[in-house]
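Structure file coords_29.cif; described as mmCIF, C-alpha atoms and all ligand atoms.
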```
data_upload
loop_
_atom_site.label_atom_id
_atom_site.label_comp_id
_atom_site.auth_asym_id
_atom_site.auth_seq_id
_atom_site.Cartn_x
_atom_site.Cartn_y
_atom_site.Cartn_z
CA MET R 1 187.48 112.16 72.71
CA THR R 2 187.34 114.62 69.85
CA PRO R 3 189.45 117.75 69.49
CA SER R 4 186.49 120.00 70.41
CA ASP R 5 185.92 118.15 73.68
CA ILE R 6 189.42 118.82 74.91
CA ALA R 7 189.67 122.39 73.67
CA LEU R 8 190.71 125.03 76.14
CA ASP R 9 188.39 127.97 76.82
CA GLN R 10 188.00 130.89 79.22
CA THR R 11 187.33 128.54 82.16
CA HIS R 12 190.99 127.45 81.91
CA SER R 13 192.50 130.95 82.02
CA GLU R 14 195.16 131.22 84.69
CA PHE R 15 194.09 134.83 85.28
CA ALA R 16 190.50 133.98 86.27
CA LYS R 17 189.76 134.77 89.92
CA SER R 18 186.64 134.37 92.05
CA TRP R 19 184.89 136.59 94.60
CA VAL R 20 185.08 133.48 96.80
CA LEU R 21 188.48 134.63 98.01
CA SER R 22 189.62 131.28 99.43
CA ALA R 23 189.56 129.95 95.85
CA ASN R 24 192.36 132.35 94.89
CA ALA R 25 194.76 131.24 97.63
CA SER R 26 198.04 129.75 96.47
CA GLY R 27 197.95 125.96 96.68
CA CYS R 28 194.15 125.77 96.95
CA ASP R 29 192.86 122.55 95.35
CA PHE R 30 189.63 124.17 94.23
CA PRO R 31 190.23 127.41 92.28
CA ILE R 32 187.61 128.65 89.82
CA GLN R 33 189.29 126.65 87.02
CA ASN R 34 188.53 123.33 88.78
CA LEU R 35 184.85 123.16 89.90
CA PRO R 36 184.75 119.44 90.86
CA PHE R 37 181.53 117.64 91.86
CA ALA R 38 180.63 115.68 95.01
CA VAL R 39 177.53 114.56 96.94
CA PHE R 40 177.22 116.00 100.45
CA ARG R 41 175.03 117.13 103.36
CA ARG R 42 175.66 119.03 106.60
CA THR R 43 177.68 116.82 108.95
CA GLY R 44 175.55 114.78 111.32
CA SER R 45 172.30 116.12 109.88
CA GLN R 46 169.37 114.18 108.53
CA GLU R 47 169.37 116.32 105.39
CA ALA R 48 169.11 114.58 102.04
CA PHE R 49 172.43 114.09 100.30
CA ARG R 50 172.66 116.20 97.13
CA GLY R 51 175.16 117.33 94.54
CA GLY R 52 177.63 120.13 95.12
CA VAL R 53 180.56 121.86 93.44
CA ALA R 54 183.73 122.95 95.27
CA ILE R 55 184.96 126.54 95.11
CA GLY R 56 187.78 127.43 97.51
CA ASP R 57 186.81 126.21 100.98
CA GLN R 58 183.09 126.28 100.14
CA VAL R 59 180.66 123.92 98.45
CA ILE R 60 177.92 125.20 96.17
CA ASP R 61 174.66 123.46 97.09
CA LEU R 62 173.24 122.57 93.68
CA ALA R 63 169.86 121.56 95.12
CA GLN R 64 169.57 125.09 96.43
CA VAL R 65 170.87 126.57 93.17
CA ALA R 66 168.10 124.69 91.36
CA GLN R 67 165.54 126.54 93.52
CA THR R 68 166.85 129.93 92.32
CA ASP R 69 167.10 131.64 88.96
CA CYS R 70 170.91 131.93 89.14
CA LEU R 71 171.32 129.78 86.07
CA ASP R 72 169.45 129.68 82.80
CA GLY R 73 168.44 127.03 80.28
CA LEU R 74 170.52 123.88 80.11
CA ALA R 75 172.77 124.99 83.00
CA HIS R 76 169.68 125.22 85.24
CA THR R 77 168.42 121.84 84.00
CA ALA R 78 171.83 120.33 84.78
CA ALA R 79 171.89 121.82 88.31
CA ALA R 80 168.38 120.48 88.91
CA ALA R 81 169.58 116.99 87.89
CA CYS R 82 172.21 117.26 90.66
CA ALA R 83 169.55 117.88 93.34
CA GLN R 84 169.44 114.23 94.40
CA PRO R 85 171.55 111.74 96.39
CA VAL R 86 173.38 110.43 93.28
CA LEU R 87 174.68 112.23 90.20
CA ASN R 88 173.63 109.56 87.68
CA ASP R 89 170.86 111.65 86.09
CA PHE R 90 173.26 114.57 85.69
CA PHE R 91 175.95 112.34 84.18
CA ALA R 92 173.39 110.88 81.75
CA LEU R 93 172.65 114.37 80.36
CA GLY R 94 176.02 114.20 78.59
CA PRO R 95 178.92 116.53 77.80
CA VAL R 96 176.87 119.45 76.45
CA ALA R 97 174.94 119.76 79.73
CA TRP R 98 178.11 119.24 81.83
CA LYS R 99 179.74 122.09 79.93
CA ALA R 100 176.68 124.36 80.33
CA LEU R 101 176.75 123.93 84.12
CA ARG R 102 180.53 124.43 84.34
CA HIS R 103 180.34 127.61 82.28
CA GLY R 104 177.24 128.89 84.07
CA LEU R 105 178.85 128.51 87.50
CA PHE R 106 182.17 129.89 86.26
CA GLU R 107 180.57 133.09 84.97
CA LEU R 108 178.69 133.70 88.24
CA LEU R 109 181.72 132.92 90.40
CA GLU R 110 184.01 135.19 88.39
CA LYS R 111 181.79 138.28 88.28
CA ALA R 112 183.37 141.22 90.06
CA PHE R 113 180.09 143.08 90.48
CA TYR R 114 177.30 142.02 92.76
CA GLY R 115 174.14 141.37 90.79
CA ALA R 116 171.03 139.59 92.02
CA LYS R 117 172.12 136.26 90.52
CA VAL R 118 175.51 136.45 92.20
CA ASP R 119 173.81 137.26 95.52
CA ALA R 120 171.53 134.27 95.01
CA LEU R 121 174.51 132.00 94.36
CA ARG R 122 176.30 133.37 97.42
CA ALA R 123 173.35 132.19 99.53
CA CYS R 124 173.94 128.63 98.20
CA LEU R 125 177.47 128.33 99.67
CA ILE R 126 178.21 126.07 102.65
CA ALA R 127 181.66 125.75 104.27
CA GLN R 128 183.31 122.43 103.36
CA SER R 129 184.30 122.12 107.03
CA GLU R 130 180.60 121.76 107.86
CA VAL R 131 179.70 118.96 105.44
CA GLU R 132 180.10 115.22 105.05
CA PHE R 133 180.26 113.30 101.80
CA THR R 134 179.02 110.04 100.34
CA VAL R 135 179.68 107.92 97.25
CA PRO R 136 178.58 110.32 94.49
CA THR R 137 176.97 107.94 92.01
CA ARG R 138 174.95 104.76 92.03
CA ILE R 139 177.82 102.57 90.81
CA GLY R 140 176.42 99.63 88.88
CA ASP R 141 179.78 98.04 88.22
CA TYR R 142 183.35 98.63 89.31
CA THR R 143 186.25 97.42 87.16
CA ASP R 144 189.85 97.68 88.32
CA PHE R 145 192.55 97.84 85.66
CA TYR R 146 196.25 96.95 85.86
CA THR R 147 197.90 99.47 83.56
CA SER R 148 201.23 100.56 85.09
CA ILE R 149 204.08 98.58 83.62
CA ASP R 150 206.37 99.64 86.47
CA HIS R 151 203.87 98.26 89.00
CA ALA R 152 203.41 95.09 86.93
CA ARG R 153 207.19 94.63 86.76
CA ASN R 154 207.72 95.27 90.49
CA ILE R 155 204.96 92.86 91.52
CA GLY R 156 205.78 90.34 88.79
CA LYS R 157 209.39 90.08 89.98
CA MET R 158 208.14 88.80 93.33
CA MET R 159 206.06 86.05 91.73
CA ARG R 160 207.98 85.30 88.51
CA PRO R 161 211.56 86.60 88.83
CA ASP R 162 212.50 85.31 85.35
CA ASP R 163 209.37 86.58 83.56
CA PRO R 164 207.90 89.49 85.53
CA ILE R 165 205.69 90.98 82.79
CA THR R 166 203.05 88.54 81.59
CA SER R 167 202.93 88.27 77.80
CA ASN R 168 199.44 89.82 77.57
CA PHE R 169 200.27 92.99 79.52
CA GLN R 170 201.69 94.91 76.56
CA TRP R 171 198.72 94.01 74.34
CA ILE R 172 195.68 94.29 76.62
CA PRO R 173 194.62 96.84 79.24
CA ILE R 174 194.17 94.07 81.84
CA ALA R 175 191.41 94.32 84.44
CA TYR R 176 189.17 92.32 86.77
CA HIS R 177 185.62 93.01 87.88
CA GLY R 178 185.62 94.34 91.44
CA ARG R 179 183.10 94.82 94.21
CA VAL R 180 180.85 97.90 94.55
CA SER R 181 179.30 97.37 97.99
CA SER R 182 182.50 98.06 99.96
CA ILE R 183 183.43 101.29 98.12
CA GLY R 184 183.34 104.28 100.50
CA VAL R 185 184.44 107.91 100.51
CA SER R 186 187.39 109.43 102.31
CA GLY R 187 187.10 109.00 106.06
CA GLN R 188 186.26 105.31 105.61
CA ARG R 189 187.34 102.99 108.44
CA PHE R 190 187.44 99.25 107.96
CA LYS R 191 188.46 96.11 109.83
CA ARG R 192 191.60 94.28 108.81
CA PRO R 193 190.31 91.39 106.69
CA MET R 194 190.37 87.77 107.79
CA GLY R 195 191.11 85.08 105.24
CA GLN R 196 193.20 82.19 103.99
CA ALA R 197 196.86 82.45 103.15
CA MET R 198 199.53 79.92 102.22
CA PRO R 199 202.72 80.70 104.16
CA ALA R 200 205.98 80.08 102.28
CA GLY R 201 206.98 76.43 102.59
CA ALA R 202 203.72 75.37 104.30
CA LYS R 203 201.75 72.30 103.19
CA ALA R 204 198.32 73.71 104.03
CA PRO R 205 196.89 77.22 104.22
CA VAL R 206 196.20 79.05 107.47
CA TYR R 207 193.17 81.15 108.39
CA GLY R 208 193.59 84.41 110.30
CA PRO R 209 193.95 88.19 110.10
CA CYS R 210 195.68 89.45 106.96
CA ALA R 211 199.40 89.75 107.72
CA ARG R 212 200.34 91.66 104.56
CA LEU R 213 197.83 94.51 104.31
CA ASP R 214 198.64 97.08 101.63
CA TYR R 215 197.20 100.06 99.73
CA GLU R 216 197.21 100.83 96.00
CA LEU R 217 197.46 104.40 94.68
CA GLU R 218 194.98 104.68 91.81
CA LEU R 219 192.69 107.10 90.02
CA GLY R 220 189.00 106.33 89.60
CA ILE R 221 187.29 107.04 86.27
CA TYR R 222 183.53 107.76 86.25
CA ILE R 223 181.46 106.80 83.24
CA GLY R 224 179.10 109.57 82.13
CA GLU R 225 176.99 108.31 79.25
CA GLY R 226 177.10 104.55 78.80
CA ASN R 227 176.92 102.49 75.61
CA VAL R 228 174.35 100.06 74.28
CA GLN R 229 175.23 96.40 74.76
CA GLY R 230 176.85 95.14 71.57
CA SER R 231 177.87 98.66 70.45
CA PRO R 232 181.51 99.22 71.48
CA ILE R 233 182.91 102.70 72.06
CA ALA R 234 185.50 103.73 69.45
CA LEU R 235 188.79 105.04 70.82
CA ASP R 236 188.31 108.63 69.64
CA HIS R 237 184.85 108.75 71.27
CA ALA R 238 185.90 107.15 74.55
CA GLU R 239 186.43 110.35 76.52
CA GLN R 240 182.97 111.64 75.62
CA HIS R 241 181.78 108.82 77.89
CA ILE R 242 183.95 109.86 80.86
CA PHE R 243 182.63 112.48 83.28
CA GLY R 244 185.70 112.83 85.46
CA MET R 245 188.23 111.29 87.82
CA CYS R 246 188.81 110.83 91.55
CA LEU R 247 191.49 109.39 93.82
CA LEU R 248 191.06 105.69 94.58
CA ASN R 249 192.75 103.43 97.12
CA ASP R 250 192.40 99.76 96.21
CA TRP R 251 193.25 98.28 99.63
CA SER R 252 194.85 94.88 99.10
CA ALA R 253 195.41 91.89 101.39
CA ARG R 254 198.53 90.53 99.71
CA ASP R 255 198.78 87.19 101.53
CA ILE R 256 195.12 86.40 100.84
CA GLN R 257 195.38 87.72 97.28
CA PHE R 258 198.48 85.77 96.26
CA TRP R 259 197.05 82.46 97.52
CA GLU R 260 193.63 82.86 95.88
CA MET R 261 194.24 84.67 92.61
CA ALA R 262 195.31 81.82 90.35
CA PRO R 263 193.54 81.12 88.04
CA LEU R 264 190.58 83.55 88.28
CA GLY R 265 192.07 86.70 89.78
CA PRO R 266 191.56 88.74 92.96
CA PHE R 267 188.62 87.95 95.26
CA LEU R 268 188.76 88.36 99.08
CA GLY R 269 192.18 89.96 98.74
CA LYS R 270 190.47 93.04 97.27
CA ASN R 271 186.73 93.00 97.99
CA PHE R 272 186.72 94.15 101.64
CA CYS R 273 187.25 97.88 101.03
CA THR R 274 187.96 100.55 98.39
CA THR R 275 188.30 104.21 99.41
CA ILE R 276 187.63 107.07 96.96
CA SER R 277 187.97 110.84 97.28
CA PRO R 278 184.58 112.60 97.43
CA TRP R 279 185.41 115.11 94.69
CA ILE R 280 185.24 114.21 91.00
CA VAL R 281 187.51 116.41 88.88
CA THR R 282 185.91 116.74 85.45
CA MET R 283 187.61 115.91 82.18
CA ALA R 284 186.91 119.53 81.23
CA ALA R 285 188.99 120.76 84.18
CA LEU R 286 191.78 118.29 83.30
CA ALA R 287 192.05 119.50 79.69
CA PRO R 288 195.15 121.71 80.18
CA TYR R 289 197.18 118.86 81.68
CA ARG R 290 197.04 116.48 78.72
CA GLN R 291 200.20 115.15 77.20
CA PRO R 292 201.12 112.97 74.26
CA TRP R 293 200.69 109.26 74.90
CA SER R 294 203.58 107.18 73.62
CA ARG R 295 204.72 103.62 73.44
CA SER R 296 208.39 102.71 73.31
CA ALA R 297 209.45 101.65 69.81
CA THR R 298 210.89 98.44 71.27
CA ASP R 299 207.51 97.45 72.77
CA PRO R 300 204.54 95.98 70.87
CA GLN R 301 202.43 98.75 69.36
CA PRO R 302 198.67 98.75 70.10
CA LEU R 303 196.31 96.82 67.88
CA ALA R 304 194.32 99.06 65.52
CA TYR R 305 191.25 99.40 67.75
CA LEU R 306 193.47 100.81 70.53
CA GLU R 307 195.43 103.14 68.25
CA SER R 308 194.67 106.67 67.02
CA ALA R 309 196.44 109.93 66.24
CA LEU R 310 194.29 111.70 68.82
CA ASN R 311 195.22 109.23 71.56
CA ARG R 312 198.88 109.65 70.57
CA SER R 313 198.70 113.45 70.72
CA GLN R 314 196.56 113.93 73.85
CA GLY R 315 195.95 110.57 75.54
CA ALA R 316 198.11 110.94 78.66
CA LEU R 317 197.27 113.06 81.71
CA ASP R 318 199.95 114.65 83.89
CA ILE R 319 198.34 114.22 87.32
CA SER R 320 200.81 114.44 90.22
CA LEU R 321 200.07 111.98 93.00
CA GLU R 322 201.41 111.21 96.44
CA VAL R 323 200.81 108.77 99.27
CA LEU R 324 201.14 109.59 102.96
CA LEU R 325 200.85 107.42 106.05
CA GLU R 326 199.50 108.58 109.42
CA SER R 327 200.31 106.06 112.14
CA ASP R 328 198.79 105.96 115.63
CA LYS R 329 202.05 107.37 116.98
CA LEU R 330 202.22 110.24 114.50
CA ARG R 331 198.57 111.07 115.22
CA ALA R 332 199.05 110.95 119.00
CA ALA R 333 202.10 113.21 118.76
CA GLY R 334 200.25 115.70 116.58
CA GLN R 335 202.82 115.16 113.82
CA ALA R 336 202.15 115.41 110.10
CA PRO R 337 201.59 112.22 108.10
CA SER R 338 204.77 110.70 106.66
CA ARG R 339 205.17 110.85 102.87
CA LEU R 340 205.72 107.41 101.34
CA SER R 341 205.97 108.10 97.60
CA GLY R 342 205.03 110.34 94.70
CA THR R 343 204.59 109.93 90.96
CA SER R 344 202.51 111.07 87.95
CA PHE R 345 199.71 109.37 86.05
CA LYS R 346 201.52 110.34 82.82
CA HIS R 347 203.69 107.21 83.08
CA GLN R 348 200.69 104.83 82.74
CA TYR R 349 201.15 102.25 79.98
CA TRP R 350 197.54 102.54 78.73
CA SER R 351 195.41 105.70 78.47
CA VAL R 352 191.95 106.09 80.01
CA ALA R 353 190.46 106.13 76.49
CA GLN R 354 192.13 102.78 75.73
CA MET R 355 190.73 101.34 78.98
CA VAL R 356 187.17 102.43 78.11
CA THR R 357 187.37 101.19 74.52
CA HIS R 358 188.87 97.84 75.46
CA HIS R 359 186.19 97.38 78.16
CA THR R 360 183.44 97.60 75.54
CA VAL R 361 185.03 95.98 72.48
CA GLY R 362 183.52 92.58 73.24
CA GLY R 363 180.06 94.07 73.52
CA CYS R 364 179.98 94.91 77.23
CA ASN R 365 177.76 97.89 78.04
CA LEU R 366 179.15 100.49 80.41
CA GLN R 367 176.48 102.31 82.38
CA THR R 368 176.18 105.83 83.73
CA GLY R 369 177.87 106.06 87.12
CA ASP R 370 180.12 103.02 86.63
CA LEU R 371 183.57 103.31 88.15
CA LEU R 372 186.86 102.15 86.63
CA GLY R 373 190.07 101.96 88.64
CA SER R 374 193.23 102.87 86.72
CA GLY R 375 195.29 100.18 88.40
CA THR R 376 198.15 100.97 90.74
CA ILE R 377 200.07 104.02 89.54
CA SER R 378 203.80 103.42 89.93
CA GLY R 379 206.41 105.53 88.19
CA PRO R 380 209.72 104.34 86.76
CA GLY R 381 211.94 105.91 89.42
CA GLU R 382 213.02 105.11 92.94
CA GLY R 383 210.37 106.16 95.47
CA GLN R 384 207.65 106.35 92.80
CA ALA R 385 205.86 103.08 93.58
CA GLY R 386 202.15 103.22 94.33
CA ALA R 387 202.00 100.30 96.77
CA LEU R 388 203.90 99.45 99.96
CA ILE R 389 204.71 95.94 98.75
CA GLU R 390 206.87 97.57 96.05
CA LEU R 391 208.45 100.25 98.25
CA ALA R 392 209.33 97.68 100.95
CA TYR R 393 210.25 94.87 98.53
CA GLY R 394 207.62 92.45 99.74
CA GLY R 395 208.17 93.48 103.35
CA THR R 396 211.86 92.52 103.31
CA GLN R 397 213.13 96.14 103.38
CA PRO R 398 210.71 98.09 105.59
CA VAL R 399 210.12 101.76 104.85
CA THR R 400 211.13 104.21 107.60
CA LEU R 401 208.54 106.86 108.52
CA SER R 402 209.33 110.46 109.49
CA ASN R 403 209.27 109.54 113.22
CA GLY R 404 211.51 106.50 112.80
CA GLU R 405 208.75 103.87 112.79
CA GLN R 406 209.08 101.19 110.14
CA ARG R 407 206.53 99.53 107.87
CA GLY R 408 206.86 96.36 105.79
CA PHE R 409 203.08 96.20 105.54
CA LEU R 410 200.34 98.28 107.20
CA HIS R 411 199.54 98.18 110.94
CA ASP R 412 196.21 98.56 112.71
CA GLY R 413 195.54 102.25 113.30
CA ASP R 414 197.41 103.32 110.15
CA ALA R 415 195.60 105.79 107.92
CA VAL R 416 196.66 106.03 104.28
CA ILE R 417 196.13 109.38 102.55
CA LEU R 418 196.19 109.87 98.77
CA ARG R 419 196.55 113.32 97.23
CA GLY R 420 196.54 114.48 93.62
CA TRP R 421 196.94 117.73 91.71
CA CYS R 422 197.78 119.14 88.27
CA GLU R 423 200.25 121.92 87.51
CA ARG R 424 201.50 123.37 84.25
CA PRO R 425 203.17 126.71 83.49
CA GLY R 426 200.58 129.15 82.16
CA PHE R 427 197.68 127.42 83.93
CA ALA R 428 196.19 127.33 87.39
CA ARG R 429 197.02 124.52 89.79
CA ILE R 430 193.98 122.31 90.46
CA GLY R 431 193.69 119.52 93.04
CA PHE R 432 191.68 116.42 93.85
CA GLY R 433 191.43 116.90 97.63
CA GLU R 434 192.26 113.66 99.38
CA SER R 435 191.27 110.07 99.99
CA LYS R 436 191.89 108.90 103.55
CA GLY R 437 191.11 105.47 104.97
CA THR R 438 191.93 103.98 108.38
CA ILE R 439 192.60 100.36 109.37
CA LEU R 440 190.86 98.96 112.44
CA SER R 441 191.83 95.71 114.14
CA ALA R 442 190.48 92.46 112.70
CA ASP R 443 187.18 91.00 113.86
CA GLN R 444 188.36 87.59 115.06
CA ARG R 445 184.97 86.14 116.14
CA PHE R 446 185.31 83.34 113.64
CA TYR R 447 188.97 82.74 114.39
CA PRO R 448 189.28 79.38 116.15
CA CA V 1 194.31 97.63 91.95
#
```
Would you mind writing the file's structure down as structure tokens?
Amino acid sequence: MTPSDIALDQTHSEFAKSWVLSANASGCDFPIQNLPFAVFRRTGSQEAFRGGVAIGDQVIDLAQVAQTDCLDGLAHTAAAACAQPVLNDFFALGPVAWKALRHGLFELLEKAFYGAKVDALRACLIAQSEVEFTVPTRIGDYTDFYTSIDHARNIGKMMRPDDPITSNFQWIPIAYHGRVSSIGVSGQRFKRPMGQAMPAGAKAPVYGPCARLDYELELGIYIGEGNVQGSPIALDHAEQHIFGMCLLNDWSARDIQFWEMAPLGPFLGKNFCTTISPWIVTMAALAPYRQPWSRSATDPQPLAYLESALNRSQGALDISLEVLLESDKLRAAGQAPSRLSGTSFKHQYWSVAQMVTHHTVGGCNLQTGDLLGSGTISGPGEGQAGALIELAYGGTQPVTLSNGEQRGFLHDGDAVILRGWCERPGFARIGFGESKGTILSADQRFYP
């Protein structure tokens, strides 16, 4: 991250409007200031998946754009790199090319007059209601962090009432290496996991369907350009290596997780499913919503490699987030999903730049398309927790849904929906769309 990378420009003007009229609607996630990326094709078709950019309720087909002369120079080269089933080649082009494509599309989408290039771009629009999405990059590695101190405290109290925050938490952006194969985009459906758990007071573990299934509200962070093994990324350069962010649900089987995770960390409790939103909101689009990053004077201050004036002045991101639950009963009655909680990413104890730098400081090479999870995002207040285990106090105080149903942990048929957006006076509201995943009943073929 350098000051020039996070500078505001005309693409952030709150007064910019598009001839794609749906983009100008109040509350639209995808105004002209956003322009997030996804990989899509027409629903149910055998078309090749390819890159697209959201504008209003449309998606710009970048493979088609690359066949026209809408864009010039580097912007055209960048669009052409998106004309494939993963965005890795585009990400690898780096921030200058990302910016060229953002600005090229912005200028065409904003024009009030109808030139040949605008007409050509118009022919590349497809309604979002007619497309399906897939995981947008070839993810080599997925790392999930643990960077909300409120989440760490809430969870820690259940395991270590006298010492909820482990001594390393305030010094290290803690993480574990997760599983890529079970990551899917919004709309994902998965079977309740089977596994081992140790019931309280039991002498031996039991095997069966997870009894304490949970979600985790997180943001995903996509690596753009990687680093060479042995060459760590300095803190003030970290954000140059980040393309953008998505919503991420780190589904968690708490009973399986708590039995297995000492001493090596999560395994089957986490590896069965992770659901991401299809749209990646770029760091360029997020620039107006930066805030100072701070650390309480009574807490340990970061070691030098995780400390900088730039991170202090701009390191936090004010991204509003909420979690909703759609039960079988709510769905059958045609009722809206029930809101469980809401918070902001600005409360996170470590910044995304600190996560990236710490990941590489030992020599680890991040690669283009890698995905980092932020860790559960819980705020300091009541009703701001990013996991059901916190809201329902380990299942002892079930949460009541809008129709009166109660949840200590998740039931079969439940769908969990994550939403995110950014708002700031003087700037447009931009959104992340949603991440929705649905729980199916367990496959008990191997259950004696
Ligand atoms: Ca997690």
Taking only residues of chain R that have an atom at most 9 Å from an atom of ligand CA 1 (chain V), what is each one's shortest atom pair and its distance in Å to one decimal, using all atoms listed in the file, in chain and number order, as CSV?
```
residue,atom,partner,partner_atom,distance
R:Asp144,CA,V:CA1,CA,5.8
R:Phe145,CA,V:CA1,CA,6.5
R:Tyr146,CA,V:CA1,CA,6.4
R:Ala175,CA,V:CA1,CA,8.7
R:Tyr215,CA,V:CA1,CA,8.6
R:Glu216,CA,V:CA1,CA,5.9
R:Leu217,CA,V:CA1,CA,8.0
R:Glu218,CA,V:CA1,CA,7.1
R:Asn249,CA,V:CA1,CA,7.9
R:Asp250,CA,V:CA1,CA,5.1
R:Trp251,CA,V:CA1,CA,7.8
R:Ser252,CA,V:CA1,CA,7.7
R:Lys270,CA,V:CA1,CA,8.0
R:Gly373,CA,V:CA1,CA,6.9
R:Ser374,CA,V:CA1,CA,7.5
R:Gly375,CA,V:CA1,CA,4.5
R:Thr376,CA,V:CA1,CA,5.2
R:Ile377,CA,V:CA1,CA,8.9
```
Write a file of the selected residues as a JSON list (two decimals), keeping the file's coordinate frame, keeping C-alpha atoms.
```json
[["chain", "number", "residue", "atom", "x", "y", "z"],
["R", 144, "ASP", "CA", 189.85, 97.68, 88.32],
["R", 145, "PHE", "CA", 192.55, 97.84, 85.66],
["R", 146, "TYR", "CA", 196.25, 96.95, 85.86],
["R", 175, "ALA", "CA", 191.41, 94.32, 84.44],
["R", 215, "TYR", "CA", 197.20, 100.06, 99.73],
["R", 216, "GLU", "CA", 197.21, 100.83, 96.00],
["R", 217, "LEU", "CA", 197.46, 104.40, 94.68],
["R", 218, "GLU", "CA", 194.98, 104.68, 91.81],
["R", 249, "ASN", "CA", 192.75, 103.43, 97.12],
["R", 250, "ASP", "CA", 192.40, 99.76, 96.21],
["R", 251, "TRP", "CA", 193.25, 98.28, 99.63],
["R", 252, "SER", "CA", 194.85, 94.88, 99.10],
["R", 270, "LYS", "CA", 190.47, 93.04, 97.27],
["R", 373, "GLY", "CA", 190.07, 101.96, 88.64],
["R", 374, "SER", "CA", 193.23, 102.87, 86.72],
["R", 375, "GLY", "CA", 195.29, 100.18, 88.40],
["R", 376, "THR", "CA", 198.15, 100.97, 90.74],
["R", 377, "ILE", "CA", 200.07, 104.02, 89.54]]
```
Non-local contacts of His76 (chain R) (12 Å; all atoms listed in the file; under 4 positions in same chain excluded) as a compact mmCIF listing (two decimals) with C-alpha atoms, in the coordinates of the input:
```txt
# COMPACT_ATOMS: atom_id res chain seq x y z
CA LEU R 62 173.24 122.57 93.68
CA ALA R 63 169.86 121.56 95.12
CA GLN R 64 169.57 125.09 96.43
CA VAL R 65 170.87 126.57 93.17
CA ALA R 66 168.10 124.69 91.36
CA GLN R 67 165.54 126.54 93.52
CA THR R 68 166.85 129.93 92.32
CA ASP R 69 167.10 131.64 88.96
CA CYS R 70 170.91 131.93 89.14
CA LEU R 71 171.32 129.78 86.07
CA ASP R 72 169.45 129.68 82.80
CA ALA R 80 168.38 120.48 88.91
CA ALA R 81 169.58 116.99 87.89
CA CYS R 82 172.21 117.26 90.66
CA ALA R 83 169.55 117.88 93.34
CA PHE R 90 173.26 114.57 85.69
CA ALA R 97 174.94 119.76 79.73
CA TRP R 98 178.11 119.24 81.83
CA LYS R 99 179.74 122.09 79.93
CA ALA R 100 176.68 124.36 80.33
CA LEU R 101 176.75 123.93 84.12
CA ARG R 102 180.53 124.43 84.34
CA HIS R 103 180.34 127.61 82.28
CA GLY R 104 177.24 128.89 84.07
CA LEU R 105 178.85 128.51 87.50
```
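Between Ala123 (chain R) and the candidates R:Ser181, R:Asp89, R:Ile60, R:Pro263, the tightest atom-to-atom separation, counting all atoms listed in the file, involves R:Ile60.
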Inset, instruction - Using CA of Val281 (chain R) and CA of Ile319 (chain R) as the two end points, give the distance in Å to one decimal. - result: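 So the answer is 11.2 Å.
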Legend entry - Contact residues around Gly383 (chain R) with all atoms listed in the file at 7 Å, ignoring same-chain residues under 2 positions, as a PyMOL selection string: chain R and resi 341-342+381+385+391
Inset, instruction - Could you please give me, as a PyMOL selection string, the residues of protein, DNA or RNA lying at most 12 Å from (199.1, 123.4, 84.1) in the coordinate frame of the file, considering all atoms listed in the file? - result: chain R and resi 8+12-14+33-34+285-291+317-320+421-431
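The set of protein, DNA and RNA residues with any counted atom at most 12 Å from (200.6, 110.5, 114.0) (all atoms listed in the file) reads Leu324, Leu325, Glu326, Ser327, Asp328, Lys329, Leu330, Arg331, Ala332, Ala333, Gly334, Gln335, Ala336, Pro337, Ser338, Leu401, Ser402, Asn403, Gly404, Glu405, Gly413, Asp414, Ala415 and Val416 of chain R.
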Inset, instruction - Give me the residues within 6 Å of region 51-59 of chain R as a ChimeraX atom specification, counting all atoms listed in the file and dropping any in the same chain fewer than 2 places off. - result: /R:22-23,30-31,35-39,61-62,82-83,125-128
Inset, instruction - Find the spatial neighbours of Ser308 (chain R), counting only C-alpha atoms, within a cut-off of 8 Å - ignore same-chain residues fewer than 3 positions away - and output them as a PyMOL selection string. - result: chain R and resi 235-236+304+311-312
Inset, instruction - Would you mind listing what lies within 8 Å of Val399 (chain R) as a ChimeraX atom specification, with all atoms listed in the file counted and same-chain residues fewer than 5 positions away left out? - result: /R:340,391-392,406-408
Written selection (C-alpha atoms) as a JSON list (two decimals), in the coordinates of the input:
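Below is the file that was written, out-v5.json:
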```json
[["chain", "number", "residue", "atom", "x", "y", "z"],
["R", 340, "LEU", "CA", 205.72, 107.41, 101.34],
["R", 391, "LEU", "CA", 208.45, 100.25, 98.25],
["R", 392, "ALA", "CA", 209.33, 97.68, 100.95],
["R", 406, "GLN", "CA", 209.08, 101.19, 110.14],
["R", 407, "ARG", "CA", 206.53, 99.53, 107.87],
["R", 408, "GLY", "CA", 206.86, 96.36, 105.79]]
```
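We find CA of Ile233 (chain R) and CA of Ser148 (chain R) to be spaced 22.6 Å apart.
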Legend entry - Atomic separation - CA of Ala297 (chain R) relative to CA of Ser351 (chain R), Å: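 About the pair CA of Ser351 (chain R) and CA of Ala297 (chain R): they are 17.0 Å apart.
Closest approach to Gln46 (chain R) among R:Glu434, R:Glu132, R:Asp162, R:Asp443 is made by R:Glu132 (distances from all atoms listed in the file).
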